[in-house]
Structure formats: structure tokens, C-alpha cells
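Have a look at input_20.cif; it's mmCIF, C-alpha atoms and all ligand atoms:
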```
data_my_file
loop_
_atom_site.label_atom_id
_atom_site.label_comp_id
_atom_site.auth_asym_id
_atom_site.auth_seq_id
_atom_site.Cartn_x
_atom_site.Cartn_y
_atom_site.Cartn_z
CA MET J 485 59.67 103.38 120.80
CA GLN J 486 60.01 101.48 124.07
CA LEU J 487 58.08 101.85 127.32
CA THR J 488 60.19 102.85 130.32
CA THR J 489 60.41 100.72 133.45
CA ALA J 490 58.15 103.24 135.20
CA GLN J 491 55.54 103.02 132.41
CA LEU J 492 55.65 99.22 132.52
CA SER J 493 55.11 99.25 136.26
CA ASP J 494 52.21 101.75 135.91
CA PHE J 495 50.68 99.40 133.34
CA ASP J 496 51.05 96.44 135.68
CA ARG J 497 49.53 98.34 138.64
CA ASP J 498 46.72 100.23 136.86
CA GLY J 499 46.02 98.05 133.81
CA PHE J 500 46.62 100.97 131.42
CA VAL J 501 49.17 103.55 130.41
CA ILE J 502 48.60 106.93 128.71
CA LEU J 503 51.28 108.22 126.30
CA PRO J 504 50.57 111.91 125.56
CA GLU J 505 50.76 113.08 121.92
CA LEU J 506 52.77 110.12 120.63
CA PHE J 507 51.51 110.81 117.09
CA SER J 508 52.04 114.22 115.50
CA ALA J 509 49.31 116.61 114.36
CA THR J 510 50.32 115.85 110.74
CA GLU J 511 49.94 112.11 111.28
CA VAL J 512 46.58 112.55 113.02
CA ALA J 513 45.36 114.81 110.19
CA ALA J 514 46.35 112.15 107.64
CA ILE J 515 44.44 109.43 109.55
CA ARG J 516 41.40 111.67 109.98
CA GLY J 517 41.50 112.57 106.31
CA GLU J 518 40.65 108.97 105.39
CA LEU J 519 37.56 108.81 107.59
CA PRO J 520 34.80 110.61 105.64
CA ALA J 521 35.09 108.26 102.65
CA LEU J 522 35.24 105.19 104.91
CA PHE J 523 32.21 106.31 106.94
CA ALA J 524 30.28 106.93 103.70
CA GLU J 525 30.74 103.32 102.52
CA THR J 526 27.74 101.04 102.66
CA THR J 527 29.05 98.02 104.55
CA ASP J 528 28.10 95.92 107.58
CA ALA J 529 31.50 96.92 109.00
CA ASN J 530 30.16 100.46 109.59
CA ILE J 531 27.90 100.08 112.62
CA VAL J 532 25.57 103.02 113.29
CA GLU J 533 24.16 104.32 116.57
CA LYS J 534 20.82 102.97 117.75
CA ALA J 535 19.30 106.44 117.56
CA GLY J 536 20.18 108.98 114.89
CA GLY J 537 22.14 106.79 112.49
CA ALA J 538 25.59 108.38 112.94
CA VAL J 539 28.48 105.92 112.51
CA ARG J 540 29.34 104.47 115.94
CA THR J 541 32.24 102.28 114.92
CA ALA J 542 33.90 101.64 111.58
CA MET J 543 35.60 98.24 111.62
CA GLY J 544 38.06 96.19 109.55
CA LEU J 545 39.80 99.36 108.44
CA HIS J 546 43.20 97.83 107.58
CA ARG J 547 41.40 95.69 104.98
CA ARG J 548 39.60 98.69 103.54
CA ASN J 549 42.29 101.37 103.37
CA VAL J 550 46.04 101.59 102.66
CA LEU J 551 46.84 104.09 105.40
CA PHE J 552 45.17 101.91 108.05
CA ALA J 553 47.05 98.87 106.68
CA ARG J 554 50.22 100.77 107.55
CA LEU J 555 48.93 102.07 110.87
CA VAL J 556 48.34 98.55 112.28
CA ARG J 557 52.07 97.90 111.68
CA HIS J 558 53.24 101.21 113.15
CA PRO J 559 56.26 100.71 115.43
CA ARG J 560 54.93 103.21 117.99
CA LEU J 561 52.06 100.75 118.55
CA VAL J 562 53.68 97.39 117.78
CA ALA J 563 56.91 97.84 119.77
CA PRO J 564 55.30 98.66 123.15
CA ALA J 565 52.71 95.94 122.58
CA ARG J 566 55.51 93.42 122.05
CA GLN J 567 57.23 94.57 125.23
CA ILE J 568 54.10 93.73 127.22
CA ALA J 569 52.54 90.80 125.37
CA GLY J 570 55.46 89.09 123.61
CA PRO J 571 56.95 89.09 120.10
CA ASP J 572 54.30 87.29 118.04
CA LEU J 573 51.04 89.24 117.93
CA TYR J 574 48.29 89.10 115.32
CA VAL J 575 45.88 91.85 114.36
CA GLN J 576 42.63 90.87 116.04
CA GLN J 577 40.47 93.96 115.55
CA VAL J 578 40.87 97.38 113.90
CA LYS J 579 38.33 100.17 114.17
CA VAL J 580 37.57 103.83 114.74
CA ASN J 581 35.05 104.44 117.50
CA VAL J 582 33.50 107.68 116.40
CA LYS J 583 31.31 109.08 119.21
CA ALA J 584 29.92 111.91 117.10
CA ALA J 585 29.14 115.35 118.58
CA PHE J 586 25.67 115.34 120.23
CA ASP J 587 24.84 111.81 118.93
CA GLY J 588 27.62 109.50 120.13
CA GLU J 589 26.20 106.96 122.58
CA ALA J 590 27.76 105.28 125.63
CA TRP J 591 29.90 102.16 125.80
CA GLN J 592 28.71 100.25 128.85
CA TRP J 593 31.04 99.11 131.63
CA HIS J 594 32.91 96.12 130.23
CA TYR J 595 36.30 94.56 129.69
CA ASP J 596 37.31 93.43 126.22
CA PHE J 597 38.22 89.84 127.09
CA ALA J 598 34.63 89.01 128.07
CA THR J 599 33.50 89.46 124.46
CA HIS J 600 36.63 87.89 122.89
CA HIS J 601 36.28 84.88 125.20
CA HIS J 602 32.53 84.26 125.05
CA ASP J 603 31.97 85.14 121.39
CA ASP J 604 35.29 84.14 119.80
CA GLY J 605 36.70 81.50 122.16
CA VAL J 606 39.93 83.38 122.91
CA PRO J 607 41.48 81.23 125.67
CA ALA J 608 43.26 83.76 127.92
CA PRO J 609 43.15 87.54 128.61
CA LEU J 610 46.43 88.36 126.90
CA ALA J 611 45.34 90.81 124.18
CA LEU J 612 46.11 94.53 124.32
CA ASN J 613 43.94 97.42 123.15
CA LEU J 614 45.97 100.30 121.67
CA HIS J 615 44.16 103.57 121.06
CA ILE J 616 45.14 106.77 119.25
CA PHE J 617 43.03 109.87 119.95
CA LEU J 618 41.99 111.41 116.62
CA ASP J 619 40.39 114.39 118.38
CA ASP J 620 41.27 116.12 121.63
CA VAL J 621 39.52 114.11 124.35
CA VAL J 622 38.14 116.34 127.10
CA PRO J 623 35.81 115.67 130.06
CA TYR J 624 32.76 116.56 127.95
CA ASN J 625 33.03 114.58 124.70
CA GLY J 626 32.66 111.03 125.99
CA PRO J 627 36.13 110.02 127.21
CA LEU J 628 36.90 106.48 128.23
CA TYR J 629 36.58 105.92 131.97
CA PHE J 630 39.06 103.39 133.41
CA ILE J 631 38.77 101.70 136.81
CA PRO J 632 42.47 101.51 137.78
CA GLY J 633 43.47 98.10 139.13
CA SER J 634 40.20 96.44 138.05
CA HIS J 635 42.23 93.91 136.03
CA LYS J 636 43.91 92.54 139.15
CA GLY J 637 41.06 90.25 140.20
CA GLY J 638 41.03 88.56 136.78
CA ALA J 639 37.93 88.32 134.63
CA ALA J 640 34.88 89.76 136.45
CA PRO J 641 31.43 88.14 135.90
CA ALA J 642 29.86 89.43 132.67
CA TRP J 643 26.54 89.19 130.83
CA HIS J 644 25.63 89.65 127.17
CA ASP J 645 23.90 93.01 126.61
CA THR J 646 22.23 93.07 123.18
CA ALA J 647 19.78 95.88 123.96
CA SER J 648 21.49 98.98 125.38
CA THR J 649 23.31 99.99 122.18
CA SER J 650 23.59 98.86 118.56
CA TYR J 651 26.75 96.86 119.43
CA PRO J 652 26.22 93.58 121.36
CA LEU J 653 28.73 93.51 124.21
CA TRP J 654 29.52 91.39 127.26
CA VAL J 655 29.18 93.87 130.13
CA VAL J 656 29.87 93.97 133.86
CA GLU J 657 27.12 94.02 136.53
CA ARG J 658 26.55 97.32 138.36
CA GLU J 659 27.33 95.75 141.76
CA THR J 660 30.69 94.51 140.53
CA VAL J 661 31.46 97.94 139.04
CA ALA J 662 30.55 99.60 142.35
CA ASP J 663 32.92 97.28 144.26
CA LEU J 664 35.75 97.86 141.82
CA VAL J 665 35.24 101.65 141.86
CA ALA J 666 35.20 101.66 145.67
CA ARG J 667 38.72 100.23 145.51
CA GLY J 668 40.21 101.89 142.42
CA GLY J 669 38.12 104.99 141.69
CA ILE J 670 37.53 106.18 138.11
CA THR J 671 40.15 107.80 135.88
CA PRO J 672 39.02 109.53 132.67
CA ALA J 673 41.48 109.06 129.81
CA LEU J 674 42.00 112.62 128.56
CA GLY J 675 44.53 114.15 126.20
CA LYS J 676 45.31 115.94 122.99
CA ALA J 677 44.82 114.34 119.61
CA GLY J 678 47.72 111.96 118.96
CA THR J 679 47.71 110.61 122.52
CA VAL J 680 48.00 106.81 122.82
CA LEU J 681 46.35 104.54 125.40
CA ILE J 682 47.41 100.97 125.99
CA PHE J 683 45.17 98.85 128.19
CA CYS J 684 44.86 95.23 129.13
CA ASP J 685 42.14 92.72 128.36
CA THR J 686 40.55 92.52 131.82
CA LEU J 687 40.61 96.26 132.65
CA VAL J 688 37.03 97.44 133.28
CA HIS J 689 36.18 100.54 131.22
CA GLY J 690 33.30 102.37 129.57
CA SER J 691 32.42 105.80 128.25
CA PRO J 692 29.40 108.12 128.52
CA ASN J 693 27.31 109.71 125.75
CA ASN J 694 28.83 112.64 123.90
CA MET J 695 26.49 115.57 124.62
CA SER J 696 29.10 118.10 123.55
CA PRO J 697 29.40 119.83 120.16
CA TRP J 698 32.82 118.17 119.69
CA ASP J 699 33.46 114.86 117.93
CA ARG J 700 35.55 112.26 119.74
CA ALA J 701 37.02 109.79 117.28
CA ILE J 702 39.49 107.19 118.58
CA PHE J 703 41.43 104.60 116.56
CA SER J 704 41.63 101.20 118.23
CA LEU J 705 43.93 98.29 117.40
CA ILE J 706 43.70 95.04 119.34
CA LEU J 707 46.76 92.78 119.16
CA ASN J 708 46.61 89.25 120.55
CA PRO J 709 49.41 86.66 120.93
CA VAL J 710 49.41 84.21 118.03
CA GLY J 711 49.37 81.31 120.52
CA ASN J 712 46.16 82.69 122.07
CA ALA J 713 44.12 82.92 118.86
CA GLN J 714 40.36 82.58 118.67
CA THR J 715 38.84 79.08 118.64
CA ARG J 716 35.24 80.01 117.68
CA PHE J 717 34.33 81.66 114.39
CA ALA J 718 30.72 82.78 114.70
CA ARG J 719 31.30 86.54 114.35
CA PRO J 720 32.03 88.33 111.08
CA GLU J 721 35.65 88.74 109.99
CA PHE J 722 35.61 92.48 110.69
CA LYS J 723 34.95 91.79 114.40
CA HIS J 724 37.84 89.34 114.76
CA HIS J 725 40.37 88.95 111.96
CA THR J 726 41.44 85.43 111.11
CA ASP J 727 44.91 86.10 109.70
CA PHE J 728 46.94 84.83 112.66
CA SER J 729 50.35 85.68 111.20
CA ALA J 730 52.54 87.80 113.47
CA VAL J 731 52.49 91.50 112.65
CA GLU J 732 55.81 92.99 111.46
CA ALA J 733 56.56 96.61 112.34
CA LEU J 734 57.26 99.13 109.57
CA ALA J 735 59.57 102.15 109.81
CA ASP J 736 58.70 105.02 112.15
CA ASP J 737 57.86 107.29 109.19
CA CYS J 738 55.59 104.69 107.56
CA LEU J 739 52.57 107.01 107.45
CA HIS J 740 54.51 109.74 105.68
CA SER J 741 54.50 108.12 102.25
CA GLU J 742 50.72 108.33 102.49
CA ILE J 743 50.85 111.91 103.76
CA THR J 744 53.04 113.39 101.02
C1 LIG X 1 34.89 103.92 123.47
O1 LIG X 1 35.18 104.15 122.27
O2 LIG X 1 34.52 104.82 124.21
C2 LIG X 1 34.99 102.54 124.02
C3 LIG X 1 36.20 101.93 123.51
C4 LIG X 1 36.48 100.57 124.03
O3 LIG X 1 35.67 99.96 124.70
O4 LIG X 1 37.60 100.08 123.73
MN MN X 2 36.46 97.98 125.22
#
```

Represent the structure from my file as C-alpha cells, please.
Ligand code: SIN
Ligand code: MN
Amino acid sequence: MQLTTAQLSDFDRDGFVILPELFSATEVAAIRGELPALFAETTDANIVEKAGGAVRTAMGLHRRNVLFARLVRHPRLVAPARQIAGPDLYVQQVKVNVKAAFDGEAWQWHYDFATHHHDDGVPAPLALNLHIFLDDVVPYNGPLYFIPGSHKGGAAPAWHDTASTSYPLWVVERETVADLVARGGITPALGKAGTVLIFCDTLVHGSPNNMSPWDRAIFSLILNPVGNAQTRFARPEFKHHTDFSAVEALADDCLHSEIT
């Protein structure tokens, strides 16, 4: 799977690209089928919401589950990532952000590089975040909000927010967000289950609480060039994996051996 010239130029202009229903309903069902057992595990890698105790994010999944070990090498993720970020990419972070019906809490306005840089010493904003929707994402169940073009000014000022949610995050000041939105507006990332998002490391994004009765689980894989690996090792392995070998893509039907 290769991105077209038009998709590459959208990515360059907006900082993200949306690829509708790139994974089939069967593949999404297989991925979802692994989640209840993973969420039930007692591990620091399952981080729960501040209120209510529902799983907010389940991390390090390729180390915990065979199907996720295949998914991080899926060519429909790895090939477009290589087109944008170069041939040698390591698996930096692997998670499912759950955002449970009624209980899923917000992700504040942020860009991923702020946390990778300040907490992990990643030198440059070269990583890519690749998402697969595991539920239909609609306006009401806490979609990601992107500020198109917000990556163009480089890394915006950020501060470390350890209080708003259960997940410490480097976030962007409201004034900066207001300026960026005045220029780029806000685009919600919506689509059917199986839809893929690819977005860059300095794109400002966030997502509101899920007040709806519908879950909104999203798989997230962050790939980072091997030559841009972390230089600080204070966070747990599940927040930034330390195997810096370049990921090799599997065959396009690599999930199917787990499905049948
Ligand atoms: C979310 O799951 O809504 C936020 C995801 C992200 O920040 O990558
Ligand atoms: Mn993010």
C-alpha cells in the first residue's frame, strides 16, 4: 500500500491524512477480540481513567499479544510510514486508547513530539503516529480534533500537565491553540471502523470526553526513524520501547493466520 502524490501533499499541507476503511471489518473484529483479556490484565501498562477506573490506554501491546506483534509490522501501516519518514523506523509506542462509553476522558491539546522530546530526549520531530479506528468514530464519541497546518510553525511552546488526567502529558497553552485555530480551524477525524489516520509529530491535536453510549477504541502505533532514537530513559519501557531495530513489514494477510 502506497500513498498517492495527492495524499502525500495533503499530509505535507495539513500534517495528517485520513485513509477510510483501510482495514476490513474481519480484521478489526480480530483486533477487538484480543482487547477484553488485555484490559483485564493487572499491569502498570494498563492506565485507567482518573475517575471511574475504566481503562484509558493499554500500552506495550506488541509485547503482550501475538496479534499486536503482527499488527505493528503490517504493511498497510509500515509502507506509508516509510514513504514519509524513511526506510528505517523502530517501534516507539504501541497502545489502544479506549475512551469508553460515558467514562472516556479528554486528551488535552498537545503534539506528540513535546512528550517524546522532553521526557525521552528524542532529538527531532520525525516520528509518525498511525491510528486504526476499532469502532466507528462519530462526532459524539470523543473523536480526535486536528488543527490543520499547526505543524508548520514547528514545535509550539508546551508545559507538563500532570493533573488534568491520569496520563502526564506535555500540552499546549490555550493562547497558542487559539492562534493556531484562528489560522487552521479544527477538523474532527471521523470514519468507520478500520479507518487509518497518519499524523506528524508536531501536529496539534486533542479529543473531548466521550459522553455518548458508544465506545471509541483506537489503535495507535508510533514509528520513529532509527537515527532519531530516544536519548533519555526515565520512562517505563511500555511508554517508549528500546528495541531500536528497524521494523520489517509482513505480508498483507499477516493478521489472517490469527483470524482463522
Ligand atoms: C486520543 O486517543 O483521543 C488521543 C490520541 C493521541 O493523542 O494520539
Ligand atoms: Mn497524541

Task: Shell around stretch 631-639 of chain J at 7 Å using only C-alpha atoms, local window under 4 positions removed, as a ChimeraX atom specification - done: /J:497-499,664-665,668-671,686-689

- [ ] Could you jot down the atom CA of J:Leu610 to atom CA of J:Asp528 separation for me, Å, one decimal place?
- [x]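 Calculated distance between atom CA of J:Leu610 and atom CA of J:Asp528 is 27.7 Å.
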
Open item on the list: Please determine, counting all atoms listed in the file, which residue among J:Met543, J:Leu551, J:Leu519, J:Leu674 has the shortest atom-to-atom distance to J:Pro720.
Closed with: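 Comparing J:Met543, J:Leu551, J:Leu519, J:Leu674 against J:Pro720, the winner is J:Met543.
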
Task: Counting all atoms listed in the file, the option among J:Trp591, J:Phe617, J:Phe703, J:Phe630 closest to ligand LIG 1 (chain X) - done: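 Closest to ligand LIG 1 (chain X) of all the choices is J:Trp591.
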
Task: Given 9 Å and all atoms listed in the file, residues near ligand LIG 1 (chain X) as number ranges by chain - done: J: 540-541, 580-583, 589-596, 613-615, 626-629, 683, 689-693, 700-704

Could you turn the residues from that selection into a file that holds C-alpha atoms, as a compact mmCIF listing (two decimals), keeping the file's coordinate frame?
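So the final result, stored in again03.txt, reads:
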```txt
# COMPACT_ATOMS: atom_id res chain seq x y z
CA ARG J 540 29.34 104.47 115.94
CA THR J 541 32.24 102.28 114.92
CA VAL J 580 37.57 103.83 114.74
CA ASN J 581 35.05 104.44 117.50
CA VAL J 582 33.50 107.68 116.40
CA LYS J 583 31.31 109.08 119.21
CA GLU J 589 26.20 106.96 122.58
CA ALA J 590 27.76 105.28 125.63
CA TRP J 591 29.90 102.16 125.80
CA GLN J 592 28.71 100.25 128.85
CA TRP J 593 31.04 99.11 131.63
CA HIS J 594 32.91 96.12 130.23
CA TYR J 595 36.30 94.56 129.69
CA ASP J 596 37.31 93.43 126.22
CA ASN J 613 43.94 97.42 123.15
CA LEU J 614 45.97 100.30 121.67
CA HIS J 615 44.16 103.57 121.06
CA GLY J 626 32.66 111.03 125.99
CA PRO J 627 36.13 110.02 127.21
CA LEU J 628 36.90 106.48 128.23
CA TYR J 629 36.58 105.92 131.97
CA PHE J 683 45.17 98.85 128.19
CA HIS J 689 36.18 100.54 131.22
CA GLY J 690 33.30 102.37 129.57
CA SER J 691 32.42 105.80 128.25
CA PRO J 692 29.40 108.12 128.52
CA ASN J 693 27.31 109.71 125.75
CA ARG J 700 35.55 112.26 119.74
CA ALA J 701 37.02 109.79 117.28
CA ILE J 702 39.49 107.19 118.58
CA PHE J 703 41.43 104.60 116.56
CA SER J 704 41.63 101.20 118.23
```

Task: Proximity to J:Asp727 - best of J:Ala713, J:Ala585, J:Ala640, J:Val556, all atoms listed in the file - done: J:Ala713

Open item on the list: Under the rule that all atoms listed in the file are counted, which of J:Asp663, J:Glu721, J:Asp685, J:Asp619 is the nearest residue to ligand MN 2 (chain X)?
Closed with: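 Selected residue with least distance to ligand MN 2 (chain X): J:Asp685.
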
- [ ] Please measure the separation of atom CA of J:Val710 and atom CA of J:Cys684, giving the value in Å to one decimal.
- [x]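 Going from atom CA of J:Val710 over to atom CA of J:Cys684, I get 16.3 Å.
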
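The spacing separating atom CA of J:Thr726 from atom CA of J:Ala598 amounts to 18.6 Å.
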
Listed atoms of stretch 537-542 of chain J boxed axis-aligned with 3 Å per side, centre + edges as AutoDock Vina command-line options:
```
--center_x 28.0 --center_y 105.0 --center_z 113.8 --size_x 17.8 --size_y 12.7 --size_z 10.4
```

Open item on the list: Ranking J:Leu618, J:Ala647, J:Ala611, J:Val731 by minimum distance to ligand MN 2 (chain X) and counting all atoms listed in the file, which one comes first?
Closed with: J:Ala611

Task: Which of J:Pro641, J:Gly605, J:Pro571, J:Gly536 sits closest to J:Ala718 [using all atoms listed in the file] - done: J:Gly605
